[in-house]
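**Q** Compact mmCIF, N, CA and C atoms, saved as structure_6.txt, coming up:
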```txt
# COMPACT_ATOMS: atom_id res chain seq x y z
N MET F 1 43.37 133.97 63.42
CA MET F 1 42.62 132.74 63.45
C MET F 1 43.05 131.87 62.29
N ILE F 2 43.22 130.58 62.54
CA ILE F 2 43.66 129.63 61.52
C ILE F 2 42.45 129.15 60.73
N LYS F 3 42.57 129.23 59.41
CA LYS F 3 41.50 128.75 58.55
C LYS F 3 41.47 127.23 58.58
N PRO F 4 40.29 126.63 58.39
CA PRO F 4 40.17 125.16 58.40
C PRO F 4 41.09 124.48 57.40
N THR F 5 41.31 125.07 56.23
CA THR F 5 42.20 124.44 55.24
C THR F 5 43.64 124.47 55.71
N HIS F 6 44.05 125.58 56.33
CA HIS F 6 45.40 125.67 56.87
C HIS F 6 45.59 124.69 58.03
N PHE F 7 44.56 124.56 58.87
CA PHE F 7 44.61 123.62 59.99
C PHE F 7 44.78 122.19 59.48
N ALA F 8 44.06 121.83 58.43
CA ALA F 8 44.17 120.49 57.84
C ALA F 8 45.58 120.27 57.28
N GLN F 9 46.14 121.28 56.64
CA GLN F 9 47.50 121.17 56.10
C GLN F 9 48.52 121.02 57.23
N LEU F 10 48.37 121.79 58.29
CA LEU F 10 49.28 121.69 59.43
C LEU F 10 49.17 120.32 60.09
N LEU F 11 47.97 119.82 60.21
CA LEU F 11 47.75 118.52 60.80
C LEU F 11 48.39 117.42 59.95
N THR F 12 48.26 117.52 58.64
CA THR F 12 48.86 116.54 57.73
C THR F 12 50.39 116.60 57.81
N MET F 13 50.96 117.80 57.83
CA MET F 13 52.41 117.93 57.94
C MET F 13 52.91 117.39 59.28
N ALA F 14 52.18 117.63 60.35
CA ALA F 14 52.58 117.11 61.67
C ALA F 14 52.55 115.59 61.66
N ALA F 15 51.54 115.00 61.04
CA ALA F 15 51.45 113.54 60.96
C ALA F 15 52.61 112.97 60.14
N LEU F 16 52.93 113.61 59.02
CA LEU F 16 54.07 113.14 58.20
C LEU F 16 55.39 113.27 58.95
N LEU F 17 55.57 114.35 59.67
CA LEU F 17 56.79 114.54 60.44
C LEU F 17 56.90 113.49 61.54
N THR F 18 55.82 113.22 62.22
CA THR F 18 55.82 112.20 63.27
C THR F 18 56.14 110.83 62.70
N ALA F 19 55.58 110.51 61.55
CA ALA F 19 55.82 109.21 60.92
C ALA F 19 57.27 109.08 60.48
N SER F 20 57.87 110.17 59.97
CA SER F 20 59.25 110.08 59.49
C SER F 20 60.25 109.99 60.63
N VAL F 21 59.93 110.52 61.80
CA VAL F 21 60.83 110.49 62.95
C VAL F 21 60.64 109.21 63.77
N GLY F 22 59.56 108.51 63.57
CA GLY F 22 59.22 107.33 64.37
C GLY F 22 60.25 106.23 64.25
N CYS F 23 59.94 105.09 64.85
CA CYS F 23 60.85 103.95 64.90
C CYS F 23 61.09 103.39 63.51
N GLN F 24 62.32 102.96 63.28
CA GLN F 24 62.68 102.30 62.04
C GLN F 24 63.01 100.86 62.35
N THR F 25 62.53 99.96 61.53
CA THR F 25 62.88 98.56 61.68
C THR F 25 63.46 98.07 60.38
N VAL F 26 64.03 96.90 60.40
CA VAL F 26 64.67 96.34 59.21
C VAL F 26 64.02 95.02 58.88
N ASN F 27 63.61 94.87 57.63
CA ASN F 27 63.12 93.58 57.15
C ASN F 27 64.29 92.86 56.50
N THR F 28 64.39 91.56 56.74
CA THR F 28 65.53 90.79 56.25
C THR F 28 65.04 89.54 55.54
N ALA F 29 65.74 89.18 54.46
CA ALA F 29 65.44 87.94 53.75
C ALA F 29 66.73 87.15 53.61
N GLN F 30 66.64 85.84 53.75
CA GLN F 30 67.79 84.96 53.57
C GLN F 30 67.29 83.57 53.20
N ARG F 31 68.21 82.68 52.83
CA ARG F 31 67.83 81.31 52.46
C ARG F 31 67.15 80.61 53.63
N ALA F 32 66.14 79.81 53.32
CA ALA F 32 65.48 79.03 54.36
C ALA F 32 66.42 77.96 54.88
N GLU F 33 67.24 77.41 53.99
CA GLU F 33 68.24 76.41 54.36
C GLU F 33 69.61 76.93 53.92
N PRO F 34 70.33 77.62 54.81
CA PRO F 34 71.62 78.22 54.44
C PRO F 34 72.62 77.20 53.91
N GLN F 35 73.41 77.61 52.95
CA GLN F 35 74.41 76.76 52.33
C GLN F 35 75.75 76.82 53.07
N SER F 36 75.97 77.89 53.80
CA SER F 36 77.25 78.06 54.49
C SER F 36 77.24 77.35 55.84
N GLN F 37 78.44 77.02 56.31
CA GLN F 37 78.61 76.39 57.62
C GLN F 37 79.46 77.30 58.49
N ARG F 38 78.90 77.82 59.55
CA ARG F 38 79.66 78.67 60.46
C ARG F 38 80.35 77.81 61.51
N ASP F 39 81.51 78.26 61.92
CA ASP F 39 82.26 77.58 62.97
C ASP F 39 81.97 78.32 64.28
N TYR F 40 80.79 78.06 64.87
CA TYR F 40 80.42 78.71 66.12
C TYR F 40 81.34 78.25 67.23
N ILE F 41 81.62 79.14 68.15
CA ILE F 41 82.46 78.78 69.28
C ILE F 41 81.69 78.98 70.57
N ASP F 42 81.98 78.14 71.54
CA ASP F 42 81.42 78.35 72.86
C ASP F 42 82.12 79.57 73.45
N ASP F 43 81.37 80.40 74.12
CA ASP F 43 81.97 81.61 74.65
C ASP F 43 81.54 81.84 76.08
N GLN F 44 82.32 82.66 76.75
CA GLN F 44 82.00 83.09 78.10
C GLN F 44 81.65 84.57 78.00
N ARG F 45 80.46 84.92 78.38
CA ARG F 45 80.02 86.31 78.31
C ARG F 45 80.01 86.89 79.70
N ILE F 46 80.72 87.98 79.84
CA ILE F 46 80.81 88.65 81.14
C ILE F 46 80.06 89.97 81.02
N VAL F 47 78.94 90.08 81.68
CA VAL F 47 78.11 91.27 81.61
C VAL F 47 78.40 92.13 82.82
N THR F 48 79.02 93.29 82.59
CA THR F 48 79.32 94.21 83.69
C THR F 48 78.43 95.44 83.64
N ASP F 49 77.72 95.61 82.54
CA ASP F 49 76.83 96.75 82.37
C ASP F 49 75.46 96.23 81.96
N GLY F 50 74.58 96.05 82.94
CA GLY F 50 73.26 95.50 82.68
C GLY F 50 72.44 96.36 81.74
N SER F 51 72.61 97.69 81.80
CA SER F 51 71.84 98.56 80.90
C SER F 51 72.28 98.38 79.46
N LEU F 52 73.57 98.17 79.21
CA LEU F 52 74.04 97.92 77.85
C LEU F 52 73.50 96.58 77.33
N ASN F 53 73.45 95.58 78.20
CA ASN F 53 72.94 94.28 77.80
C ASN F 53 71.47 94.36 77.38
N LYS F 54 70.74 95.35 77.89
CA LYS F 54 69.36 95.56 77.47
C LYS F 54 69.27 96.32 76.15
N VAL F 55 70.37 96.92 75.72
CA VAL F 55 70.41 97.67 74.47
C VAL F 55 70.92 96.80 73.33
N ALA F 56 72.08 96.19 73.51
CA ALA F 56 72.70 95.38 72.46
C ALA F 56 73.23 94.09 73.06
N ARG F 57 72.99 93.01 72.37
CA ARG F 57 73.38 91.70 72.89
C ARG F 57 74.15 90.93 71.82
N ILE F 58 75.22 90.26 72.24
CA ILE F 58 75.96 89.38 71.34
C ILE F 58 75.14 88.10 71.21
N ILE F 59 74.75 87.78 69.99
CA ILE F 59 73.92 86.61 69.72
C ILE F 59 74.80 85.39 69.46
N SER F 60 75.85 85.57 68.65
CA SER F 60 76.72 84.43 68.35
C SER F 60 78.10 84.92 67.98
N LEU F 61 79.07 84.02 68.11
CA LEU F 61 80.46 84.27 67.71
C LEU F 61 80.92 83.10 66.85
N ASN F 62 81.62 83.39 65.79
CA ASN F 62 82.26 82.32 65.04
C ASN F 62 83.64 82.79 64.58
N GLU F 63 84.51 81.81 64.33
CA GLU F 63 85.89 82.13 63.98
C GLU F 63 86.34 81.26 62.83
N HIS F 64 87.40 81.75 62.18
CA HIS F 64 87.97 81.02 61.05
C HIS F 64 89.47 81.34 61.00
N ARG F 65 90.28 80.33 60.79
CA ARG F 65 91.72 80.53 60.63
C ARG F 65 91.99 80.69 59.14
N LEU F 66 92.54 81.83 58.73
CA LEU F 66 92.83 82.10 57.33
C LEU F 66 94.04 81.32 56.85
N GLU F 67 94.24 81.27 55.54
CA GLU F 67 95.37 80.53 54.98
C GLU F 67 96.71 81.09 55.44
N ASN F 68 96.77 82.39 55.73
CA ASN F 68 98.02 82.99 56.21
C ASN F 68 98.23 82.78 57.71
N GLY F 69 97.32 82.03 58.36
CA GLY F 69 97.47 81.70 59.77
C GLY F 69 96.81 82.67 60.73
N ARG F 70 96.30 83.77 60.22
CA ARG F 70 95.68 84.76 61.10
C ARG F 70 94.24 84.36 61.44
N LEU F 71 93.84 84.72 62.65
CA LEU F 71 92.51 84.40 63.16
C LEU F 71 91.52 85.49 62.74
N ARG F 72 90.38 85.07 62.21
CA ARG F 72 89.30 85.99 61.85
C ARG F 72 88.09 85.64 62.70
N VAL F 73 87.47 86.67 63.30
CA VAL F 73 86.32 86.47 64.19
C VAL F 73 85.16 87.32 63.70
N GLN F 74 83.97 86.73 63.78
CA GLN F 74 82.75 87.45 63.42
C GLN F 74 81.74 87.30 64.56
N ALA F 75 81.06 88.38 64.89
CA ALA F 75 80.04 88.36 65.94
C ALA F 75 78.73 88.91 65.38
N GLN F 76 77.64 88.32 65.81
CA GLN F 76 76.30 88.82 65.50
C GLN F 76 75.82 89.60 66.72
N ILE F 77 75.50 90.86 66.52
CA ILE F 77 75.01 91.71 67.60
C ILE F 77 73.59 92.12 67.27
N GLN F 78 72.71 92.05 68.27
CA GLN F 78 71.31 92.44 68.05
C GLN F 78 70.94 93.60 68.94
N ASN F 79 70.28 94.59 68.34
CA ASN F 79 69.73 95.72 69.08
C ASN F 79 68.45 95.24 69.76
N GLN F 80 68.39 95.32 71.06
CA GLN F 80 67.25 94.85 71.84
C GLN F 80 66.14 95.90 71.94
N LYS F 81 66.43 97.10 71.46
CA LYS F 81 65.45 98.20 71.55
C LYS F 81 64.73 98.38 70.23
N LYS F 82 63.72 99.26 70.22
CA LYS F 82 62.94 99.52 69.01
C LYS F 82 63.50 100.67 68.20
N SER F 83 64.41 101.43 68.78
CA SER F 83 64.99 102.57 68.07
C SER F 83 66.47 102.33 67.78
N LYS F 84 67.01 103.11 66.85
CA LYS F 84 68.41 102.98 66.46
C LYS F 84 69.31 103.29 67.65
N ARG F 85 70.37 102.50 67.81
CA ARG F 85 71.35 102.71 68.87
C ARG F 85 72.75 102.65 68.29
N THR F 86 73.67 103.35 68.94
CA THR F 86 75.08 103.28 68.59
C THR F 86 75.79 102.53 69.69
N VAL F 87 76.57 101.54 69.30
CA VAL F 87 77.34 100.74 70.24
C VAL F 87 78.79 100.78 69.79
N HIS F 88 79.71 100.87 70.73
CA HIS F 88 81.14 100.84 70.43
C HIS F 88 81.69 99.46 70.79
N TYR F 89 82.63 99.01 70.00
CA TYR F 89 83.20 97.68 70.24
C TYR F 89 84.68 97.67 69.87
N ARG F 90 85.36 96.68 70.40
CA ARG F 90 86.74 96.43 69.98
C ARG F 90 87.07 94.96 70.23
N PHE F 91 87.96 94.45 69.42
CA PHE F 91 88.50 93.10 69.58
C PHE F 91 89.90 93.24 70.16
N GLU F 92 90.20 92.46 71.18
CA GLU F 92 91.57 92.36 71.69
C GLU F 92 92.07 90.97 71.34
N TRP F 93 93.32 90.89 70.91
CA TRP F 93 93.91 89.64 70.44
C TRP F 93 94.92 89.13 71.45
N LEU F 94 94.87 87.84 71.76
CA LEU F 94 95.73 87.24 72.77
C LEU F 94 96.65 86.20 72.14
N ASP F 95 97.92 86.21 72.54
CA ASP F 95 98.87 85.22 72.01
C ASP F 95 98.87 83.96 72.88
N THR F 96 99.78 83.03 72.61
CA THR F 96 99.82 81.75 73.33
C THR F 96 100.08 81.91 74.82
N ASN F 97 100.69 83.02 75.23
CA ASN F 97 100.96 83.28 76.64
C ASN F 97 99.84 84.06 77.31
N GLY F 98 98.75 84.33 76.58
CA GLY F 98 97.64 85.10 77.14
C GLY F 98 97.88 86.59 77.18
N MET F 99 98.94 87.02 76.49
CA MET F 99 99.28 88.45 76.45
C MET F 99 98.52 89.13 75.32
N VAL F 100 98.03 90.36 75.58
CA VAL F 100 97.33 91.13 74.57
C VAL F 100 98.35 91.63 73.55
N ARG F 101 98.07 91.36 72.28
CA ARG F 101 98.92 91.85 71.19
C ARG F 101 98.37 93.18 70.70
N LYS F 102 99.16 94.23 70.79
CA LYS F 102 98.73 95.53 70.29
C LYS F 102 98.53 95.44 68.78
N SER F 103 97.45 96.05 68.32
CA SER F 103 97.09 95.94 66.92
C SER F 103 96.27 97.15 66.49
N LEU F 104 96.38 97.52 65.24
CA LEU F 104 95.56 98.60 64.71
C LEU F 104 94.09 98.23 64.73
N THR F 105 93.78 96.95 64.66
CA THR F 105 92.37 96.52 64.66
C THR F 105 91.78 96.46 66.05
N SER F 106 92.56 96.80 67.08
CA SER F 106 92.07 96.74 68.46
C SER F 106 91.53 98.07 68.96
N SER F 107 91.41 99.05 68.10
CA SER F 107 90.88 100.34 68.54
C SER F 107 89.35 100.30 68.56
N TRP F 108 88.75 101.21 69.31
CA TRP F 108 87.30 101.26 69.43
C TRP F 108 86.67 101.69 68.12
N LYS F 109 85.59 101.02 67.74
CA LYS F 109 84.83 101.34 66.53
C LYS F 109 83.37 101.48 66.92
N ALA F 110 82.62 102.24 66.13
CA ALA F 110 81.20 102.44 66.40
C ALA F 110 80.37 101.72 65.35
N ILE F 111 79.21 101.23 65.78
CA ILE F 111 78.27 100.60 64.88
C ILE F 111 76.88 101.12 65.22
N ASN F 112 76.13 101.52 64.19
CA ASN F 112 74.75 101.95 64.36
C ASN F 112 73.86 100.77 64.00
N ILE F 113 72.96 100.43 64.90
CA ILE F 113 72.08 99.28 64.68
C ILE F 113 70.64 99.75 64.81
N GLN F 114 69.85 99.51 63.78
CA GLN F 114 68.43 99.87 63.81
C GLN F 114 67.70 99.02 64.85
N GLY F 115 66.53 99.45 65.25
CA GLY F 115 65.74 98.75 66.24
C GLY F 115 65.44 97.31 65.85
N GLY F 116 65.79 96.37 66.72
CA GLY F 116 65.54 94.95 66.48
C GLY F 116 66.48 94.29 65.49
N GLN F 117 67.33 95.05 64.85
CA GLN F 117 68.21 94.52 63.81
C GLN F 117 69.36 93.72 64.39
N MET F 118 69.77 92.68 63.64
CA MET F 118 71.01 91.96 63.94
C MET F 118 72.04 92.40 62.91
N GLN F 119 73.24 92.64 63.37
CA GLN F 119 74.30 93.08 62.47
C GLN F 119 75.59 92.35 62.80
N SER F 120 76.36 92.04 61.77
CA SER F 120 77.63 91.36 61.94
C SER F 120 78.76 92.36 62.06
N ILE F 121 79.68 92.07 62.97
CA ILE F 121 80.95 92.80 63.02
C ILE F 121 82.05 91.75 62.94
N SER F 122 83.16 92.12 62.36
CA SER F 122 84.25 91.15 62.24
C SER F 122 85.59 91.87 62.27
N ALA F 123 86.60 91.10 62.57
CA ALA F 123 87.97 91.62 62.58
C ALA F 123 88.93 90.46 62.38
N THR F 124 90.11 90.79 61.90
CA THR F 124 91.15 89.80 61.66
C THR F 124 92.38 90.20 62.45
N ALA F 125 92.95 89.25 63.15
CA ALA F 125 94.17 89.51 63.91
C ALA F 125 95.30 89.87 62.93
N THR F 126 96.15 90.78 63.35
CA THR F 126 97.26 91.20 62.48
C THR F 126 98.50 90.33 62.66
N HIS F 127 98.49 89.45 63.67
CA HIS F 127 99.63 88.58 63.93
C HIS F 127 99.19 87.12 63.84
N ALA F 128 100.02 86.27 63.25
CA ALA F 128 99.68 84.86 63.09
C ALA F 128 99.77 84.08 64.40
N ASP F 129 100.51 84.61 65.41
CA ASP F 129 100.63 83.88 66.67
C ASP F 129 99.46 84.11 67.62
N VAL F 130 98.46 84.87 67.19
CA VAL F 130 97.27 85.09 68.00
C VAL F 130 96.43 83.82 67.98
N ILE F 131 96.05 83.36 69.18
CA ILE F 131 95.24 82.15 69.25
C ILE F 131 93.87 82.39 69.89
N ASP F 132 93.66 83.59 70.44
CA ASP F 132 92.41 83.85 71.12
C ASP F 132 92.07 85.33 71.00
N PHE F 133 90.89 85.68 71.45
CA PHE F 133 90.41 87.05 71.34
C PHE F 133 89.48 87.36 72.49
N ARG F 134 89.20 88.65 72.64
CA ARG F 134 88.19 89.13 73.57
C ARG F 134 87.45 90.26 72.85
N LEU F 135 86.12 90.22 72.89
CA LEU F 135 85.29 91.25 72.28
C LEU F 135 84.64 92.06 73.39
N GLU F 136 84.80 93.38 73.33
CA GLU F 136 84.24 94.27 74.34
C GLU F 136 83.22 95.20 73.68
N LEU F 137 82.10 95.41 74.35
CA LEU F 137 81.06 96.33 73.90
C LEU F 137 80.83 97.39 74.96
N ILE F 138 80.65 98.62 74.52
CA ILE F 138 80.25 99.70 75.42
C ILE F 138 79.25 100.58 74.67
N GLU F 139 78.44 101.29 75.41
CA GLU F 139 77.45 102.14 74.76
C GLU F 139 78.06 103.45 74.29
N ARG F 140 78.96 104.01 75.08
CA ARG F 140 79.63 105.25 74.70
C ARG F 140 81.12 105.02 74.66
N LYS F 141 81.76 105.59 73.65
CA LYS F 141 83.21 105.44 73.55
C LYS F 141 83.87 106.08 74.76
N PRO F 142 84.77 105.35 75.42
CA PRO F 142 85.44 105.93 76.59
C PRO F 142 86.38 107.05 76.17
N THR F 143 86.44 108.08 76.97
CA THR F 143 87.34 109.19 76.68
C THR F 143 88.58 109.05 77.55
N GLY F 144 89.68 109.56 77.05
CA GLY F 144 90.90 109.56 77.82
C GLY F 144 91.64 108.23 77.82
N LEU F 145 91.19 107.27 76.99
CA LEU F 145 91.89 106.00 76.91
C LEU F 145 92.92 106.05 75.80
N LEU F 146 94.03 105.38 76.01
CA LEU F 146 95.04 105.31 74.97
C LEU F 146 94.58 104.34 73.89
N GLU F 147 94.73 104.74 72.65
CA GLU F 147 94.41 103.87 71.52
C GLU F 147 95.70 103.15 71.13
N TYR F 148 95.55 101.96 70.59
CA TYR F 148 96.72 101.20 70.13
C TYR F 148 97.25 101.76 68.85
```
Take the structure from the file and write it as structure tokens.
**A**
Amino acid sequence: MIKPTHFAQLLTMAALLTASVGCQTVNTAQRAEPQSQRDYIDDQRIVTDGSLNKVARIISLNEHRLENGRLRVQAQIQNQKKSKRTVHYRFEWLDTNGMVRKSLTSSWKAINIQGGQMQSISATATHADVIDFRLELIERKPTGLLEY
């Protein structure tokens, strides 16, 4: 038979365990009037996986041409769920002929995003002749695909 004091201790430990495993959210602070100017771009979003779109969503894309001529792209991704999720992404770089340029930065990468959190991902093209990009998101890293 469990003594009342032991029962109270077990109940307290169960409550602490439940609270520590529960949902995590992120509080964020930033300037009310940002000083930076982003170069947002109009984009075409092609959703082929509706369930992924309910998990993580691209909020915005912006780009910048570096002094060395290479294209740098940044995306804001938001977790649409209340719990932490892992999303895989990759940037593909396109030259003036629309051909994909193989690059070390084009391999799949993983990002962990807390519930409701927005997080930035970015990449820089390794070739100066790159003029465009494509950003792909998947929930699980594909197996059996060749990496660049």
**Q** Report the distance between CA of Phe91 in chain F and atom N of Gly115 in chain F in Å, rounded to one decimal place.
**A** 23.3 Å
**Q** So, counting only C-alpha atoms, which residue among F:Gln80, F:Gly98, F:Arg90, F:Gln74 is closest to Asn53 in chain F?
**A** F:Gln80
**Q** Of the candidates F:Lys81, F:Arg65, F:Arg101, F:Lys54, which one gets nearest to Gly116 in chain F if we count all atoms listed in the file?
**A**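 Of all the options, F:Lys81 lies closest to Gly116 in chain F.
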**Q** So which one's closest to Val55 in chain F, F:His127, F:Arg134, F:Lys109, F:Arg85? Using only C-alpha atoms, please.
**A**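 Closest to Val55 in chain F of all the choices is F:Arg85.
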**Q** CA of Ile77 in chain F and CA of Asn97 in chain F are how many Å apart?
**A**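 CA of Ile77 in chain F sits 28.7 Å away from CA of Asn97 in chain F.
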**Q** Could you check which of F:Gln76, F:Ser103, F:Trp108, F:Leu71 is closest to Ile59 in chain F, using only N, CA and C atoms?
**A**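 Distance minimum relative to Ile59 in chain F lands on F:Gln76.
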**Q** Figure out the distance between CA of Glu63 in chain F and CA of Gln44 in chain F, please, to one decimal in Å.
**A** 14.7 Å
**Q** Which residues are close to Gln117 in chain F, i.e. within 6 Å by only C-alpha atoms, leaving aside same-chain residues fewer than 3 positions away? Reply as a PDB file with N, CA and C atoms, in the frame of the given file.
**A**
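To be explicit, this is the file written out as result_15.pdb:
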```
ATOM      1  N   GLN F  78      72.710  92.050  68.270  1.00  0.00           N
ATOM      2  CA  GLN F  78      71.310  92.440  68.050  1.00  0.00           C
ATOM      3  C   GLN F  78      70.940  93.600  68.940  1.00  0.00           C
ATOM      4  N   ASN F  79      70.280  94.590  68.340  1.00  0.00           N
ATOM      5  CA  ASN F  79      69.730  95.720  69.080  1.00  0.00           C
ATOM      6  C   ASN F  79      68.450  95.240  69.760  1.00  0.00           C
ATOM      7  N   GLN F 114      69.850  99.510  63.780  1.00  0.00           N
ATOM      8  CA  GLN F 114      68.430  99.870  63.810  1.00  0.00           C
ATOM      9  C   GLN F 114      67.700  99.020  64.850  1.00  0.00           C
TER      10      GLN F 114
END
```
